[in-house]
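**Q** My structure file protein_14.txt, compact mmCIF, C-alpha atoms, is below:
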```txt
# COMPACT_ATOMS: atom_id res chain seq x y z
CA MET M 1 -0.91 -24.69 -2.07
CA LYS M 2 -0.57 -27.86 0.00
CA LYS M 3 -4.33 -27.96 0.74
CA VAL M 4 -5.15 -27.45 -2.95
CA LEU M 5 -2.78 -30.26 -3.97
CA PHE M 6 -4.26 -32.52 -1.29
CA ALA M 7 -7.80 -31.92 -2.56
CA ILE M 8 -6.84 -32.58 -6.19
CA ILE M 9 -5.08 -35.80 -5.29
CA CYS M 10 -7.94 -37.16 -3.16
CA ILE M 11 -10.54 -36.45 -5.85
CA ALA M 12 -8.37 -37.96 -8.58
CA ALA M 13 -7.61 -41.03 -6.49
CA ILE M 14 -11.30 -41.83 -5.94
CA THR M 15 -12.57 -41.10 -9.45
CA THR M 16 -9.77 -42.37 -11.68
CA MET M 17 -7.75 -44.92 -9.73
CA ALA M 18 -9.47 -47.83 -11.47
CA ILE M 19 -7.78 -46.90 -14.74
CA ALA M 20 -4.83 -44.78 -13.63
CA GLN M 21 -1.54 -46.48 -12.95
CA SER M 22 -0.27 -44.23 -10.14
CA GLN M 23 -1.09 -41.45 -7.76
CA VAL M 24 1.00 -39.11 -5.66
CA VAL M 25 0.31 -38.62 -1.97
CA PRO M 26 1.71 -35.44 -0.39
CA ALA M 27 4.01 -36.31 2.49
CA ASP M 28 6.39 -34.41 4.73
CA THR M 29 9.38 -36.64 4.01
CA ALA M 30 12.92 -36.08 2.83
CA SER M 31 11.99 -36.92 -0.76
CA GLY M 32 8.75 -34.96 -0.53
CA GLU M 33 6.20 -37.56 -1.69
CA LEU M 34 4.85 -41.09 -1.35
CA ARG M 35 3.99 -42.78 -4.63
CA VAL M 36 1.42 -45.58 -4.91
CA THR M 37 1.64 -47.38 -8.27
CA LYS M 38 -0.79 -50.08 -9.32
CA ILE M 39 0.79 -53.30 -10.56
CA GLY M 40 -2.40 -55.20 -11.34
CA THR M 41 -5.55 -57.06 -10.30
CA PHE M 42 -5.35 -60.85 -10.01
CA LYS M 43 -7.94 -63.61 -9.60
CA CYS M 44 -8.05 -65.92 -6.59
CA GLY M 45 -10.49 -68.24 -4.80
CA LYS M 46 -13.88 -67.29 -3.37
CA GLN M 47 -14.12 -64.77 -0.54
CA PRO M 48 -10.46 -63.94 0.23
CA LYS M 49 -10.71 -62.93 3.88
CA GLN M 50 -7.11 -61.91 4.47
CA VAL M 51 -3.87 -61.37 2.55
CA LEU M 52 -0.40 -61.89 4.03
CA PHE M 53 3.06 -61.41 2.58
CA SER M 54 5.51 -64.19 3.36
CA PRO M 55 8.55 -63.17 5.45
CA ASP M 56 10.74 -62.97 2.32
CA ASP M 57 8.01 -61.15 0.32
CA ALA M 58 8.09 -63.89 -2.31
CA TYR M 59 4.45 -64.90 -1.86
CA ILE M 60 1.05 -63.60 -0.82
CA VAL M 61 -1.16 -66.04 1.10
CA MET M 62 -4.96 -65.75 0.97
CA PRO M 63 -7.15 -67.68 3.45
CA LEU M 64 -10.49 -68.28 1.68
CA LEU M 65 -13.75 -68.16 3.59
CA ASP M 66 -15.81 -69.92 0.91
CA GLU M 67 -13.22 -72.46 -0.27
CA ASN M 68 -11.46 -75.54 1.05
CA GLY M 69 -8.12 -73.95 1.94
CA PHE M 70 -5.80 -71.06 1.13
CA ASP M 71 -4.25 -69.77 -2.11
CA ILE M 72 -0.55 -69.03 -2.69
CA PHE M 73 0.20 -66.10 -5.03
CA SER M 74 3.71 -65.79 -6.45
CA LEU M 75 5.01 -62.23 -6.82
CA ALA M 76 7.52 -63.41 -9.40
CA ASP M 77 4.87 -65.13 -11.54
CA LYS M 78 2.08 -62.65 -10.74
CA LYS M 79 -0.49 -65.40 -10.33
CA VAL M 80 -1.91 -67.96 -7.89
CA ILE M 81 0.35 -70.99 -8.18
CA LYS M 82 -1.18 -73.33 -5.61
CA ARG M 83 -4.23 -74.07 -3.48
CA ILE M 84 -3.36 -75.76 -0.18
CA VAL M 85 -6.10 -77.85 1.43
CA PRO M 86 -5.75 -78.57 5.19
CA PRO M 87 -6.98 -81.87 6.69
CA ASN M 88 -10.50 -80.49 7.28
CA GLY M 89 -10.75 -78.96 3.83
CA ASP M 90 -14.10 -80.65 3.32
CA LYS M 91 -15.41 -77.87 5.55
CA LEU M 92 -15.11 -74.21 4.55
CA GLY M 93 -14.31 -71.18 6.71
CA PHE M 94 -10.58 -70.38 6.44
CA VAL M 95 -10.23 -66.94 7.95
CA GLU M 96 -6.80 -65.69 8.99
CA GLY M 97 -3.12 -66.53 8.65
CA LEU M 98 0.01 -65.99 10.73
CA PHE M 99 3.69 -66.30 9.83
CA ILE M 100 6.18 -67.02 12.62
CA PRO M 101 9.61 -66.61 10.97
CA GLU M 102 11.68 -67.77 13.97
CA LYS M 103 9.81 -71.08 13.91
CA ASN M 104 9.81 -71.36 10.10
CA ALA M 105 6.06 -71.64 10.48
CA PHE M 106 2.80 -70.52 8.90
CA PHE M 107 -0.59 -70.98 10.58
CA VAL M 108 -4.09 -70.72 9.10
CA SER M 109 -7.30 -70.67 11.15
CA GLN M 110 -10.57 -72.43 10.27
CA MET M 111 -13.54 -71.04 12.15
CA THR M 112 -15.92 -73.89 11.28
CA THR M 113 -13.77 -76.45 13.13
CA GLY M 114 -12.14 -74.35 15.87
CA LYS M 115 -8.71 -75.46 14.67
CA ILE M 116 -5.50 -73.88 13.46
CA TYR M 117 -3.13 -75.66 11.07
CA GLU M 118 0.65 -75.32 11.00
CA TYR M 119 2.78 -75.49 7.85
CA THR M 120 6.48 -74.97 7.25
CA TYR M 121 7.76 -71.83 5.62
CA PRO M 122 9.53 -71.99 3.28
CA GLY M 123 7.83 -74.91 1.58
CA PHE M 124 4.28 -74.89 2.99
CA GLU M 125 4.61 -78.50 4.13
CA TYR M 126 1.95 -79.65 6.58
CA ARG M 127 3.05 -80.08 10.24
CA ARG M 128 0.07 -80.40 12.60
CA GLU M 129 -3.39 -79.26 13.64
CA ILE M 130 -4.15 -77.63 16.98
CA SER M 131 -7.57 -77.35 18.62
CA THR M 132 -8.27 -73.94 20.14
CA GLU M 133 -10.93 -75.43 22.42
CA GLY M 134 -13.08 -72.50 21.33
CA THR M 135 -15.74 -71.95 18.65
CA TRP M 136 -15.45 -69.92 15.46
CA SER M 137 -11.73 -69.29 15.94
CA LYS M 138 -10.51 -66.36 13.85
CA PHE M 139 -7.59 -64.01 14.47
CA MET M 140 -4.13 -65.14 15.65
CA VAL M 141 -1.15 -63.26 17.15
CA TRP M 142 2.29 -64.41 18.25
CA SER M 143 4.48 -63.52 21.23
CA GLY M 144 8.09 -64.52 20.63
CA GLU M 145 9.05 -63.56 24.18
CA LYS M 146 6.52 -65.99 25.67
CA SER M 147 6.47 -68.48 22.76
CA ILE M 148 2.68 -68.44 22.75
CA ILE M 149 -0.06 -67.99 20.16
CA ALA M 150 -3.32 -66.23 21.01
CA VAL M 151 -6.47 -67.07 19.03
CA SER M 152 -9.71 -65.09 19.31
CA ASN M 153 -12.86 -67.24 19.40
CA TRP M 154 -15.82 -65.34 17.94
CA THR M 155 -18.77 -67.29 19.37
CA SER M 156 -17.32 -68.77 22.57
CA ASN M 157 -16.31 -65.20 23.53
CA ASN M 158 -12.79 -65.99 24.68
CA ILE M 159 -9.13 -66.03 23.70
CA SER M 160 -7.13 -69.27 23.63
CA ILE M 161 -3.52 -68.92 24.82
CA ILE M 162 -1.58 -71.78 23.20
CA ASP M 163 1.94 -72.95 23.99
CA TYR M 164 3.79 -73.25 20.68
CA ASP M 165 6.02 -76.21 21.56
CA THR M 166 3.30 -78.49 22.90
CA GLY M 167 0.28 -77.12 21.04
CA LYS M 168 -1.65 -77.21 24.31
CA VAL M 169 -4.13 -74.55 25.42
CA LEU M 170 -2.62 -72.99 28.54
CA ARG M 171 -5.71 -70.97 29.41
CA LYS M 172 -8.80 -69.36 27.92
CA ILE M 173 -9.36 -65.68 28.68
CA LYS M 174 -13.00 -64.64 28.88
CA THR M 175 -13.79 -61.54 26.80
CA LYS M 176 -16.79 -59.45 25.87
CA LEU M 177 -18.88 -60.54 22.89
CA ALA M 178 -17.25 -61.57 19.59
CA PRO M 179 -13.54 -60.90 20.13
CA ARG M 180 -11.73 -60.25 16.86
CA GLY M 181 -8.48 -58.25 16.58
CA MET M 182 -5.72 -58.67 19.15
CA VAL M 183 -2.15 -57.57 19.79
CA PHE M 184 0.45 -58.50 22.40
CA THR M 185 2.12 -55.68 24.36
CA ASP M 186 4.71 -55.41 27.13
CA GLY M 187 6.79 -58.25 25.72
CA GLY M 188 3.85 -60.65 25.74
CA LYS M 189 2.85 -59.88 29.33
CA SER M 190 -0.37 -58.19 28.17
CA ILE M 191 -2.81 -58.66 25.33
CA ILE M 192 -5.31 -56.17 23.91
CA SER M 193 -8.57 -57.62 22.59
CA LEU M 194 -11.29 -55.96 20.50
CA SER M 195 -14.93 -56.89 21.08
CA PHE M 196 -16.88 -56.59 17.83
CA ASP M 197 -20.35 -56.95 19.36
CA SER M 198 -19.88 -55.23 22.73
CA GLY M 199 -17.99 -52.12 21.61
CA VAL M 200 -15.20 -52.69 24.11
CA ILE M 201 -11.40 -52.55 23.97
CA GLU M 202 -9.98 -54.79 26.70
CA LYS M 203 -6.50 -55.32 28.11
CA PHE M 204 -5.62 -58.55 29.90
CA ASP M 205 -2.72 -59.98 31.86
CA THR M 206 -1.59 -62.86 29.65
CA ALA M 207 -0.42 -65.08 32.52
CA THR M 208 -3.50 -64.76 34.73
CA GLY M 209 -6.26 -63.75 32.31
CA ASN M 210 -7.24 -60.86 34.60
CA ARG M 211 -8.55 -57.74 32.87
CA THR M 212 -6.32 -54.74 33.57
CA GLY M 213 -7.93 -52.08 31.38
CA VAL M 214 -11.11 -51.34 29.43
CA ILE M 215 -12.43 -48.69 27.02
CA GLU M 216 -16.14 -48.73 26.19
CA ILE M 217 -17.58 -47.13 23.04
CA ASP M 218 -21.33 -47.02 22.44
CA LYS M 219 -22.40 -49.28 19.54
CA ALA M 220 -18.83 -49.68 18.28
CA ALA M 221 -17.72 -52.71 16.26
CA MET M 222 -13.95 -52.93 16.54
CA ARG M 223 -12.19 -55.24 14.10
CA HIS M 224 -8.41 -54.82 13.71
CA VAL M 225 -5.54 -53.29 15.69
CA VAL M 226 -1.89 -52.47 14.94
CA LEU M 227 0.79 -50.85 17.09
CA SER M 228 3.03 -47.87 16.39
CA PRO M 229 6.75 -48.75 16.15
CA ASP M 230 7.37 -47.50 19.71
CA GLU M 231 4.33 -49.51 20.94
CA LYS M 232 2.93 -46.43 22.67
CA THR M 233 -0.11 -46.08 20.40
CA ALA M 234 -2.65 -48.60 19.11
CA TYR M 235 -4.61 -47.88 15.92
CA ILE M 236 -8.02 -49.58 15.79
CA SER M 237 -10.68 -49.87 13.07
CA ASP M 238 -14.29 -49.38 14.17
CA MET M 239 -16.71 -50.66 11.53
CA TYR M 240 -19.93 -49.32 13.05
CA HIS M 241 -18.81 -45.69 13.31
CA ALA M 242 -16.66 -45.88 10.13
CA GLN M 243 -13.62 -44.56 11.94
CA VAL M 244 -10.08 -45.31 13.01
CA LEU M 245 -9.14 -44.74 16.66
CA ALA M 246 -5.78 -43.83 18.15
CA VAL M 247 -5.35 -45.18 21.69
CA ASN M 248 -2.61 -44.05 24.10
CA LEU M 249 -1.48 -47.32 25.69
CA ASP M 250 0.14 -45.75 28.77
CA LYS M 251 -3.08 -44.01 29.78
CA PHE M 252 -5.26 -46.54 27.94
CA GLU M 253 -7.53 -43.88 26.50
CA ILE M 254 -8.61 -42.71 23.05
CA THR M 255 -6.65 -39.67 21.86
CA ASP M 256 -7.95 -39.27 18.31
CA LYS M 257 -10.62 -40.41 15.84
CA VAL M 258 -10.57 -40.25 12.04
CA LYS M 259 -13.60 -40.82 9.79
CA VAL M 260 -13.10 -43.16 6.85
CA PHE M 261 -15.39 -44.90 4.33
CA ASN M 262 -18.10 -47.38 5.35
CA ASN M 263 -17.13 -50.53 7.25
CA PRO M 264 -13.37 -50.24 7.77
CA ASN M 265 -11.77 -53.66 8.11
CA THR M 266 -8.02 -54.30 8.03
CA ILE M 267 -5.28 -51.74 8.70
CA ASP M 268 -1.49 -51.67 8.36
CA LEU M 269 1.33 -49.16 8.80
CA TRP M 270 3.84 -48.19 6.12
CA LYS M 271 7.23 -47.11 7.45
CA GLY M 272 5.67 -46.59 10.88
CA ARG M 273 3.77 -43.51 9.76
CA TYR M 274 1.19 -43.96 7.00
CA LEU M 275 -1.82 -46.05 7.99
CA PHE M 276 -3.60 -47.87 5.13
CA VAL M 277 -7.24 -48.77 5.88
CA SER M 278 -9.46 -51.09 3.82
CA SER M 279 -13.15 -50.10 3.89
CA ARG M 280 -15.50 -52.56 2.25
CA GLY M 281 -18.28 -50.01 1.60
CA PRO M 282 -21.96 -49.85 2.63
CA ASN M 283 -23.86 -53.05 3.39
CA ASN M 284 -26.22 -54.52 0.85
CA PRO M 285 -29.74 -53.60 2.09
CA VAL M 286 -30.96 -57.17 1.54
CA ASP M 287 -28.06 -58.94 3.30
CA TYR M 288 -24.60 -57.69 4.29
CA THR M 289 -23.05 -60.90 2.89
CA LEU M 290 -24.11 -59.91 -0.66
CA ARG M 291 -22.29 -57.50 -2.96
CA SER M 292 -22.14 -53.92 -1.72
CA PRO M 293 -24.08 -51.24 -3.64
CA LYS M 294 -20.82 -49.25 -3.83
CA ASP M 295 -17.25 -50.43 -4.19
CA GLY M 296 -14.88 -49.94 -1.29
CA ILE M 297 -12.00 -47.55 -0.68
CA ILE M 298 -8.50 -47.74 0.79
CA THR M 299 -7.86 -44.67 2.96
CA VAL M 300 -4.35 -43.45 3.75
CA ILE M 301 -3.91 -41.66 7.10
CA ASP M 302 -0.80 -39.75 8.13
CA THR M 303 -0.46 -40.73 11.79
CA LYS M 304 1.75 -37.70 12.42
CA ASP M 305 -1.38 -35.52 12.59
CA MET M 306 -4.10 -38.16 11.89
CA SER M 307 -5.08 -36.50 8.61
CA VAL M 308 -6.42 -38.31 5.56
CA VAL M 309 -3.90 -37.77 2.77
CA ALA M 310 -5.30 -39.98 -0.01
CA LYS M 311 -7.91 -42.53 -1.03
CA ILE M 312 -7.51 -45.45 -3.43
CA GLN M 313 -10.49 -46.93 -5.24
CA GLY M 314 -10.99 -50.61 -4.40
CA GLY M 315 -13.23 -53.31 -5.78
CA ASN M 316 -16.31 -54.79 -4.16
CA GLN M 317 -15.72 -55.17 -0.42
CA PRO M 318 -11.96 -54.67 0.11
CA THR M 319 -11.33 -56.75 3.22
CA GLY M 320 -7.83 -58.16 3.74
CA LEU M 321 -4.89 -55.77 3.51
CA ASP M 322 -1.16 -56.12 4.08
CA ILE M 323 2.05 -54.20 3.44
CA SER M 324 5.09 -56.25 2.54
CA ASN M 325 7.83 -56.72 5.13
CA GLY M 326 10.28 -54.71 3.06
CA GLY M 327 7.72 -51.93 2.59
CA LYS M 328 7.74 -52.18 -1.21
CA TYR M 329 4.24 -53.53 -1.83
CA LEU M 330 0.64 -53.02 -0.77
CA CYS M 331 -1.93 -55.76 -1.35
CA PHE M 332 -5.63 -55.91 -0.56
CA SER M 333 -8.38 -58.42 -1.35
CA ASN M 334 -11.76 -57.65 -2.89
CA PHE M 335 -13.98 -60.11 -1.04
CA GLN M 336 -16.90 -60.20 -3.51
CA ASP M 337 -14.80 -59.90 -6.69
CA GLU M 338 -12.64 -62.94 -5.88
CA ASN M 339 -9.42 -61.07 -6.59
CA ILE M 340 -6.53 -59.17 -5.06
CA GLU M 341 -4.96 -55.86 -6.06
CA LEU M 342 -1.21 -55.29 -5.88
CA TYR M 343 0.52 -51.89 -5.66
CA GLU M 344 4.09 -50.68 -5.38
CA LEU M 345 4.92 -48.15 -2.65
CA SER M 346 7.85 -45.79 -3.00
CA GLU M 347 9.12 -42.38 -2.01
```
Would you kindly transcribe this structure into structure tokens?
**A**
Amino acid sequence: MKKVLFAIICIAAITTMAIAQSQVVPADTASGELRVTKIGTFKCGKQPKQVLFSPDDAYIVMPLLDENGFDIFSLADKKVIKRIVPPNGDKLGFVEGLFIPEKNAFFVSQMTTGKIYEYTYPGFEYRREISTEGTWSKFMVWSGEKSIIAVSNWTSNNISIIDYDTGKVLRKIKTKLAPRGMVFTDGGKSIISLSFDSGVIEKFDTATGNRTGVIEIDKAAMRHVVLSPDEKTAYISDMYHAQVLAVNLDKFEITDKVKVFNNPNTIDLWKGRYLFVSSRGPNNPVDYTLRSPKDGIITVIDTKDMSVVAKIQGGNQPTGLDISNGGKYLCFSNFQDENIELYELSE
């Protein structure tokens, strides 16, 4: 009966989610089910690369690749209420964001200038700009234990380790080609870096920059990584092979692989168990930067057994994805449609 229900739900989710208001995902929980209810689709600026919930879940921030800054979406008003333009807003290329609640800070990266910009939160008041001393700076992660920010530099093939207080680059860690996703482990003593162009997962000592572990995958294109609540497992999206990997961090080896839809991008965990994966769909045969011939899909994986339990129909090229800090909302951006979709998650 469970397999039959699973099949019905997956088919219904893919074929009718665009007009249906909810779907039920079978789950082995106390209440018996996870419900994903669509709230709406909302316009934003061009090419929303990432979406992030603010620490209080009052806002969603969208760095815009083809605009002069980042949009602020109010959950109360259900609309974009402000466009914030950093000092170098005459140049495009805003890629990723990072909230640091203990510093009342929000950072946004601009790959075309190799800079990151700090704002207050609450308030989004401008504080400062910091040079990464790298080129095409993209993803950012924070270590509260070490009070450092790491920024992956796509074309200089390195990671900038930046002291928060001074804004100075402490060191640059050399990586394989096109580093993208990163995560700190061991209380900030180590950092895991994903090489998009070399198909390599690397682990480095943060203080020395020495590489302490490596996993090589033929032709892989790793993009994003998140940790399990106990920090024993890393989940990684591999765009080339259209799969999500589970990596045992003690042994530093792959323990599982799950196939998803074409070009998986961003991933996030709900309640430490359900992994939501945005897949932007197949590349346009003329140019991958153009609209995809098929719309993308959000895949839901139960990390308890690494099974796919549901799929949600997305728009054209779902890219950014985030789950709210309180676990109530799911948001993802449709890169080519210039909009975001908002859902409510409940048991």
**Q** Which one of M:Leu345, M:Ile72, M:Ile149, M:Ile39 sits closest to Asn325 in chain M if you count only C-alpha atoms?
**A**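 Distance minimum relative to Asn325 in chain M lands on M:Leu345.
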**Q** Which residue out of M:Met182, M:Ile148, M:Ile191, M:Val226 has the minimum interatomic distance to Asn210 in chain M when all atoms listed in the file are used?
**A**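 For Asn210 in chain M, the nearest of the candidates is M:Ile191.
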**Q** By how many Å are CA of Thr255 in chain M and CA of Phe332 in chain M apart?
**A**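 CA of Phe332 in chain M lies at a distance of 27.7 Å from CA of Thr255 in chain M.
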**Q** For each of M:Glu102, M:Asp268, M:Asp305, M:Asp66, take the minimum atom-to-atom distance to Cys44 in chain M, counting all atoms listed in the file, then give the residue where this is smallest.
**A** M:Asp66
**Q** Using all atoms listed in the file, determine which residues lie at most 12 Å from Gly327 in chain M, disregarding the query and same-chain residues fewer than 5 positions distant; provide the list as a list in words.
**A**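 Counting all atoms listed in the file, the residues come to Leu34, Val36, Phe53, Pro55, Asp56, Asp57, Asp268, Leu269, Trp270, Lys271, Gly272, Arg273, Tyr274, Asp322, Tyr343, Glu344, Leu345, Ser346 and Glu347 of chain M.
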**Q** Using only C-alpha atoms, which protein or nucleic acid residues come within 9 Å of Phe70 in chain M? Drop anything in the same chain fewer than 3 positions from it, and give the result as a ChimeraX atom specification.
**A** /M:45,48,61-65,67,82-86,94,108
**Q** Given only C-alpha atoms as the basis, pick out the residue of M:Trp136, M:Phe196, M:Tyr329, M:Phe335 nearest to Leu52 in chain M.
**A** M:Tyr329
**Q** Give me the residues within 9 Å of Ser143 in chain M as a PyMOL selection string, counting all atoms listed in the file and dropping any in the same chain fewer than 4 places off.
**A** chain M and resi 147-150+184-185+187-188
**Q** Give as a ChimeraX atom specification every residue, naming chains and numbers as the document does, that has an atom within 12 Å of (7.4, -47.3, 19.8), counting only C-alpha atoms.
**A** /M:185-186,226-234,248-250,272-273
**Q** Grab the CA of Tyr59 in chain M to CA of Ile312 in chain M distance for me, in Å with one decimal place.
**A**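 About the pair CA of Tyr59 in chain M and CA of Ile312 in chain M: they are 22.9 Å apart.
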**Q** Step by step, gather every atom of range 116-128 of chain M that the file lists, find the box along x, y and z that holds them, add 8 Å on each side, and finally give centre and edge lengths in Å to one decimal, as lines of an AutoDock Vina configuration file.
**A**
```
center_x = 2.0
center_y = -76.1
center_z = 7.5
size_x = 31.0
size_y = 24.6
size_z = 27.9
```
**Q** How would you write as a VMD selection string the residues that get within 10 Å of (-3.7, -38.3, 16.1) in the file's frame, counting all atoms listed in the file?
**A** chain M and resid 233 235 244 to 248 254 to 258 301 to 307
**Q** Would you mind telling me which residue in M:Ile161, M:Ile340, M:Phe261, M:Leu75 lies nearest to Ser324 in chain M when using all atoms listed in the file?
**A**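 That would be M:Leu75, the residue with the smallest distance to Ser324 in chain M.
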**Q** If we count only C-alpha atoms, what is near Tyr288 in chain M at a cut-off of 12 Å, once residues fewer than 5 positions away on the same chain are taken out, given as a ChimeraX atom specification?
**A** /M:263,280-283,293,317,336
**Q** When distances are computed from all atoms listed in the file, which of M:Thr120, M:Thr206, M:Ser198, M:Thr166 shows the smallest separation from Asp218 in chain M?
**A**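 Among the listed residues, M:Ser198 lies closest to Asp218 in chain M.
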**Q** Work out how far CA of Ser195 in chain M is from CA of Ile173 in chain M, in Å to one decimal.
**A**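 Going from CA of Ile173 in chain M over to CA of Ser195 in chain M, I get 12.9 Å.
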**Q** With a distance cut-off of 10 Å and only C-alpha atoms, select the neighbouring residues of Arg171 in chain M, excluding the residue or stretch itself and same-chain residues fewer than 3 positions from it, and output the selection as a ChimeraX atom specification.
**A** /M:133,150,158-163,168,174,206-209
**Q** Hey, could you patch up range 252-275 of chain M with N, CA and C atoms and hand it over as an mmCIF file, in the frame of the given file?
**A**
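Once everything was written out, this is result18.cif:
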```cif
data_model
loop_
_atom_site.group_PDB
_atom_site.id
_atom_site.type_symbol
_atom_site.label_atom_id
_atom_site.label_comp_id
_atom_site.auth_asym_id
_atom_site.auth_seq_id
_atom_site.Cartn_x
_atom_site.Cartn_y
_atom_site.Cartn_z
ATOM 1 N N PHE M 252 -4.180 -45.686 28.441
ATOM 2 C CA PHE M 252 -5.260 -46.540 27.940
ATOM 3 C C PHE M 252 -6.537 -45.717 27.729
ATOM 4 N N GLU M 253 -6.401 -44.737 26.845
ATOM 5 C CA GLU M 253 -7.530 -43.880 26.500
ATOM 6 C C GLU M 253 -7.423 -43.441 25.048
ATOM 7 N N ILE M 254 -8.565 -43.145 24.446
ATOM 8 C CA ILE M 254 -8.610 -42.710 23.050
ATOM 9 C C ILE M 254 -8.126 -41.270 22.955
ATOM 10 N N THR M 255 -7.194 -41.022 22.038
ATOM 11 C CA THR M 255 -6.650 -39.670 21.860
ATOM 12 C C THR M 255 -7.077 -39.026 20.559
ATOM 13 N N ASP M 256 -7.550 -39.836 19.597
ATOM 14 C CA ASP M 256 -7.950 -39.270 18.310
ATOM 15 C C ASP M 256 -8.886 -40.220 17.585
ATOM 16 N N LYS M 257 -9.709 -39.639 16.682
ATOM 17 C CA LYS M 257 -10.620 -40.410 15.840
ATOM 18 C C LYS M 257 -10.592 -39.821 14.442
ATOM 19 N N VAL M 258 -10.583 -40.699 13.425
ATOM 20 C CA VAL M 258 -10.570 -40.250 12.040
ATOM 21 C C VAL M 258 -11.670 -40.971 11.271
ATOM 22 N N LYS M 259 -12.550 -40.221 10.600
ATOM 23 C CA LYS M 259 -13.600 -40.820 9.790
ATOM 24 C C LYS M 259 -13.024 -41.361 8.497
ATOM 25 N N VAL M 260 -13.489 -42.556 8.119
ATOM 26 C CA VAL M 260 -13.100 -43.160 6.850
ATOM 27 C C VAL M 260 -14.373 -43.629 6.145
ATOM 28 N N PHE M 261 -14.229 -44.424 5.074
ATOM 29 C CA PHE M 261 -15.390 -44.900 4.330
ATOM 30 C C PHE M 261 -16.094 -46.012 5.108
ATOM 31 N N ASN M 262 -17.261 -46.412 4.638
ATOM 32 C CA ASN M 262 -18.100 -47.380 5.350
ATOM 33 C C ASN M 262 -17.383 -48.700 5.630
ATOM 34 N N ASN M 263 -17.591 -49.201 6.841
ATOM 35 C CA ASN M 263 -17.130 -50.530 7.250
ATOM 36 C C ASN M 263 -15.623 -50.749 7.088
ATOM 37 N N PRO M 264 -14.812 -49.991 7.814
ATOM 38 C CA PRO M 264 -13.370 -50.240 7.770
ATOM 39 C C PRO M 264 -13.034 -51.600 8.369
ATOM 40 N N ASN M 265 -12.139 -52.306 7.706
ATOM 41 C CA ASN M 265 -11.770 -53.660 8.110
ATOM 42 C C ASN M 265 -10.323 -53.709 8.600
ATOM 43 N N THR M 266 -9.407 -54.032 7.673
ATOM 44 C CA THR M 266 -8.020 -54.300 8.030
ATOM 45 C C THR M 266 -7.163 -53.048 7.868
ATOM 46 N N ILE M 267 -6.159 -52.900 8.738
ATOM 47 C CA ILE M 267 -5.280 -51.740 8.700
ATOM 48 C C ILE M 267 -3.823 -52.199 8.796
ATOM 49 N N ASP M 268 -2.915 -51.372 8.245
ATOM 50 C CA ASP M 268 -1.490 -51.670 8.360
ATOM 51 C C ASP M 268 -0.695 -50.386 8.197
ATOM 52 N N LEU M 269 0.468 -50.346 8.832
ATOM 53 C CA LEU M 269 1.330 -49.160 8.800
ATOM 54 C C LEU M 269 2.438 -49.318 7.771
ATOM 55 N N TRP M 270 2.708 -48.239 7.040
ATOM 56 C CA TRP M 270 3.840 -48.190 6.120
ATOM 57 C C TRP M 270 4.907 -47.277 6.711
ATOM 58 N N LYS M 271 6.087 -47.839 6.904
ATOM 59 C CA LYS M 271 7.230 -47.110 7.450
ATOM 60 C C LYS M 271 6.892 -46.442 8.783
ATOM 61 N N GLY M 272 5.999 -47.066 9.551
ATOM 62 C CA GLY M 272 5.670 -46.590 10.880
ATOM 63 C C GLY M 272 4.862 -45.322 10.931
ATOM 64 N N ARG M 273 4.447 -44.807 9.763
ATOM 65 C CA ARG M 273 3.770 -43.510 9.760
ATOM 66 C C ARG M 273 2.437 -43.513 9.017
ATOM 67 N N TYR M 274 2.401 -44.034 7.807
ATOM 68 C CA TYR M 274 1.190 -43.960 7.000
ATOM 69 C C TYR M 274 0.331 -45.201 7.233
ATOM 70 N N LEU M 275 -0.907 -44.976 7.661
ATOM 71 C CA LEU M 275 -1.820 -46.050 7.990
ATOM 72 C C LEU M 275 -2.764 -46.283 6.808
#
```
